[in-house]
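Novice: Once you've had a glance at the structure underneath, I'll fire off some questions.
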Amino acid sequence: MYKFPIGVILESFRTDRSSAIKKAAQIGANGIQMYATEGENSAENLSVNARKELLNEVKSNGLVFSALCGDFGKGFTDPTLNHDLIERSKRIIDLALDLETNIVTTHIGTVPEDSTADTYKIMQEACFALADYADSVNAHFAIETGPEKATTLRKFLDTLGSTGVAVNLDPANLVMDWGEDPVAAVHTLGKYIVHTHAKDGIKLLGENPSYIELPLGQGKVNFPAYLKALEEEGFKGFLTIEREAGETPEEDIRLAYDFLKKTIDEN
């Protein structure tokens, strides 16, 4: 199996930035992803010198940036907000390039199945603008999977005529939200996949909440089959560990890294 590089979302460690960078290096990760929408790590607050210092710190720990997270938590469904959100998203792309990655992951909202819906057209116009800017600098806005089925997302992406807006595939979201097979989703989304999140979980029928996130290997994501599908589609990017639940994040991240490494080595 292809030796996929393994990354970690810094915020999953639930500690300060420098400590999280060191912890990522200590577990053996190849790269990191960082939120860049607010606080000290936002595009607005990281000066040119601060960007250089951060990049040097990451490199000195033997790491690279797999991507940045540019999710403002609003999506692109409100035309009164979209201009500002698009411009701020462009600045995160600029930041990403300064940090030597060309991928910014985000949520755009839930794509309607009805392509004639007003919301569909609003999201489409926003994504045309995002894709145009990303294409101009050889970068990607990567939509995280889960809010809609993979087939719905694929049809939407095909209308854009670009990979400037692409996919960050999160297999657990597909399982937890839809009970969807991540392997089928990989083959559906194929050429658009530029980054992935390594997460696991299960869908709970008739319960509230309707899903639960679990450590890698303990949920319904068949990782050997999933990674094989990624390989078949020609994906050679990062498997970036994300842990949003649980009381022992560092332990869970280390287990996730060991699980992925073993799965890659044995298949």
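In the structure tokens, each chain is lettered A, B, ... as it comes, each chain's residues begin at 1, and ligands are numbered from 1 in order of appearance.
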Can you check which parts of segment 113-222 of chain A lie within 10 Å of segment 63-75 of chain A? Per residue, the shortest pair of atoms and distance in Å to one decimal, counting only C-alpha atoms, sorted by chain and number, as a Markdown table.

Specialist:
| residue | atom | partner | partner_atom | distance |
| --- | --- | --- | --- | --- |
| A:Met123 | CA | A:Gly75 | CA | 8.5 |
| A:Ala126 | CA | A:Gly75 | CA | 9.8 |
| A:His140 | CA | A:Ala67 | CA | 9.7 |
| A:Phe141 | CA | A:Gly70 | CA | 8.6 |
| A:Ala142 | CA | A:Cys69 | CA | 9.2 |
| A:Ile143 | CA | A:Asp71 | CA | 9.5 |
| A:Glu144 | CA | A:Asp71 | CA | 9.6 |
| A:Asn168 | CA | A:Ala67 | CA | 9.9 |
| A:Val194 | CA | A:Ala67 | CA | 9.7 |
| A:His195 | CA | A:Ala67 | CA | 7.8 |
| A:Thr196 | CA | A:Ser66 | CA | 9.6 |

Novice: Do you know which residues are at most 12 Å from Gln124 of chain A counting only C-alpha atoms, after dropping those on the same chain fewer than 2 positions away, and could you put them as a PyMOL selection string?

Specialist: chain A and resi 75-79+82+108-112+115-122+126-131+153+155-161+165

Novice: Hey, can you spit out that residue selection with N, CA, C and O atoms as a compact mmCIF listing (two decimals), in the first residue's frame?

Specialist:
# COMPACT_ATOMS: atom_id res chain seq x y z
N GLY A 75 -20.75 28.66 6.62
CA GLY A 75 -21.05 28.21 5.28
C GLY A 75 -21.16 29.39 4.33
O GLY A 75 -20.80 30.52 4.65
N PHE A 76 -21.70 29.12 3.14
CA PHE A 76 -21.85 30.16 2.12
C PHE A 76 -23.28 30.16 1.59
O PHE A 76 -23.51 30.18 0.38
N THR A 77 -24.23 30.14 2.51
CA THR A 77 -25.65 30.06 2.12
C THR A 77 -26.37 31.40 2.25
O THR A 77 -27.51 31.52 1.81
N ASP A 78 -25.72 32.40 2.84
CA ASP A 78 -26.35 33.70 3.06
C ASP A 78 -25.67 34.74 2.18
O ASP A 78 -24.53 35.12 2.43
N PRO A 79 -26.35 35.23 1.15
CA PRO A 79 -25.71 36.17 0.22
C PRO A 79 -25.28 37.48 0.87
O PRO A 79 -24.39 38.16 0.35
N ASN A 82 -21.72 36.49 2.24
CA ASN A 82 -20.76 35.78 1.40
C ASN A 82 -19.59 36.62 0.92
O ASN A 82 -18.46 36.12 0.84
N ILE A 108 -19.07 24.44 3.45
CA ILE A 108 -19.77 25.46 2.67
C ILE A 108 -21.26 25.51 2.99
O ILE A 108 -21.98 26.35 2.47
N GLY A 109 -21.73 24.64 3.89
CA GLY A 109 -23.15 24.48 4.15
C GLY A 109 -23.61 23.18 3.53
O GLY A 109 -22.81 22.43 2.97
N THR A 110 -24.88 22.90 3.63
CA THR A 110 -25.43 21.66 3.07
C THR A 110 -25.91 21.90 1.65
O THR A 110 -26.78 22.75 1.40
N VAL A 111 -25.33 21.17 0.70
CA VAL A 111 -25.73 21.31 -0.70
C VAL A 111 -27.11 20.68 -0.89
O VAL A 111 -27.29 19.49 -0.62
N PRO A 112 -28.10 21.45 -1.38
CA PRO A 112 -29.43 20.86 -1.63
C PRO A 112 -29.37 19.83 -2.76
O PRO A 112 -28.58 19.97 -3.69
N SER A 115 -31.07 21.10 -7.61
CA SER A 115 -30.14 22.08 -8.18
C SER A 115 -30.84 23.37 -8.62
O SER A 115 -30.17 24.34 -8.98
N THR A 116 -32.18 23.41 -8.57
CA THR A 116 -32.90 24.63 -8.91
C THR A 116 -33.21 25.47 -7.66
O THR A 116 -33.77 26.57 -7.79
N ALA A 117 -32.85 24.96 -6.49
CA ALA A 117 -33.14 25.68 -5.25
C ALA A 117 -32.30 26.95 -5.16
O ALA A 117 -31.16 27.01 -5.63
N ASP A 118 -32.85 27.99 -4.54
CA ASP A 118 -32.14 29.26 -4.41
C ASP A 118 -30.82 29.07 -3.65
O ASP A 118 -29.80 29.66 -4.02
N THR A 119 -30.86 28.27 -2.59
CA THR A 119 -29.65 28.05 -1.80
C THR A 119 -28.55 27.41 -2.64
O THR A 119 -27.37 27.75 -2.50
N TYR A 120 -28.95 26.49 -3.51
CA TYR A 120 -27.97 25.84 -4.40
C TYR A 120 -27.26 26.89 -5.24
O TYR A 120 -26.02 26.88 -5.36
N LYS A 121 -28.02 27.79 -5.82
CA LYS A 121 -27.45 28.81 -6.69
C LYS A 121 -26.57 29.78 -5.91
O LYS A 121 -25.52 30.22 -6.40
N ILE A 122 -26.96 30.11 -4.69
CA ILE A 122 -26.16 31.00 -3.85
C ILE A 122 -24.81 30.36 -3.52
O ILE A 122 -23.75 30.99 -3.64
N ALA A 126 -20.88 31.46 -4.80
CA ALA A 126 -19.77 31.62 -3.87
C ALA A 126 -18.61 30.72 -4.24
O ALA A 126 -17.44 31.13 -4.22
N CYS A 127 -18.93 29.49 -4.60
CA CYS A 127 -17.87 28.53 -4.94
C CYS A 127 -17.21 28.85 -6.27
O CYS A 127 -16.02 28.56 -6.46
N PHE A 128 -17.94 29.47 -7.19
CA PHE A 128 -17.30 29.95 -8.42
C PHE A 128 -16.20 30.95 -8.06
O PHE A 128 -15.09 30.90 -8.61
N ALA A 129 -16.52 31.86 -7.14
CA ALA A 129 -15.54 32.88 -6.74
C ALA A 129 -14.35 32.25 -6.02
O ALA A 129 -13.19 32.61 -6.27
N LEU A 130 -14.63 31.31 -5.11
CA LEU A 130 -13.55 30.64 -4.38
C LEU A 130 -12.67 29.84 -5.34
O LEU A 130 -11.44 29.88 -5.25
N ALA A 131 -13.30 29.12 -6.26
CA ALA A 131 -12.55 28.30 -7.21
C ALA A 131 -11.69 29.15 -8.12
O ALA A 131 -10.54 28.80 -8.43
N LEU A 153 -22.74 15.88 -3.48
CA LEU A 153 -21.57 16.75 -3.52
C LEU A 153 -20.86 16.65 -4.87
O LEU A 153 -20.43 17.66 -5.44
N LYS A 155 -22.10 15.92 -7.82
CA LYS A 155 -22.86 16.62 -8.86
C LYS A 155 -22.65 18.13 -8.75
O LYS A 155 -22.52 18.83 -9.77
N PHE A 156 -22.60 18.63 -7.52
CA PHE A 156 -22.37 20.06 -7.29
C PHE A 156 -20.99 20.47 -7.79
O PHE A 156 -20.84 21.47 -8.50
N LEU A 157 -19.97 19.71 -7.43
CA LEU A 157 -18.61 20.03 -7.84
C LEU A 157 -18.46 20.01 -9.36
O LEU A 157 -17.75 20.84 -9.94
N ASP A 158 -19.14 19.08 -10.01
CA ASP A 158 -19.05 18.99 -11.46
C ASP A 158 -19.59 20.26 -12.15
O ASP A 158 -19.18 20.58 -13.27
N THR A 159 -20.49 20.98 -11.47
CA THR A 159 -21.03 22.21 -12.08
C THR A 159 -20.02 23.35 -12.06
O THR A 159 -20.19 24.35 -12.78
N LEU A 160 -18.97 23.23 -11.26
CA LEU A 160 -18.01 24.33 -11.09
C LEU A 160 -16.93 24.33 -12.16
O LEU A 160 -16.29 25.36 -12.40
N GLY A 161 -16.68 23.18 -12.79
CA GLY A 161 -15.67 23.10 -13.83
C GLY A 161 -14.28 23.40 -13.36
O GLY A 161 -13.46 23.98 -14.09
N VAL A 165 -12.19 24.35 -6.02
CA VAL A 165 -13.01 23.87 -4.90
C VAL A 165 -13.03 22.36 -5.02
O VAL A 165 -13.52 21.81 -6.02

Novice: As an exercise, work out the distance from atom CA of Gly31 of chain A to atom CA of Lys220 of chain A in Å and give it to one decimal place.

Specialist: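 Taking atom CA of Gly31 of chain A and atom CA of Lys220 of chain A, their separation equals 25.5 Å.
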
Novice: Please determine, counting only C-alpha atoms, which residue among A:Gly62, A:Gly237, A:Pro5, A:Gly164 has the shortest atom-to-atom distance to Gln26 of chain A.

Specialist: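 Of all the options, A:Gly62 lies closest to Gln26 of chain A.
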
Novice: Using only C-alpha atoms for the distances, tell me which of A:Glu44, A:Ser60, A:Arg14, A:Glu87 is nearest to Thr248 of chain A.

Specialist: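 Looking only at the distances to Thr248 of chain A, the closest residue turns out to be A:Arg14.
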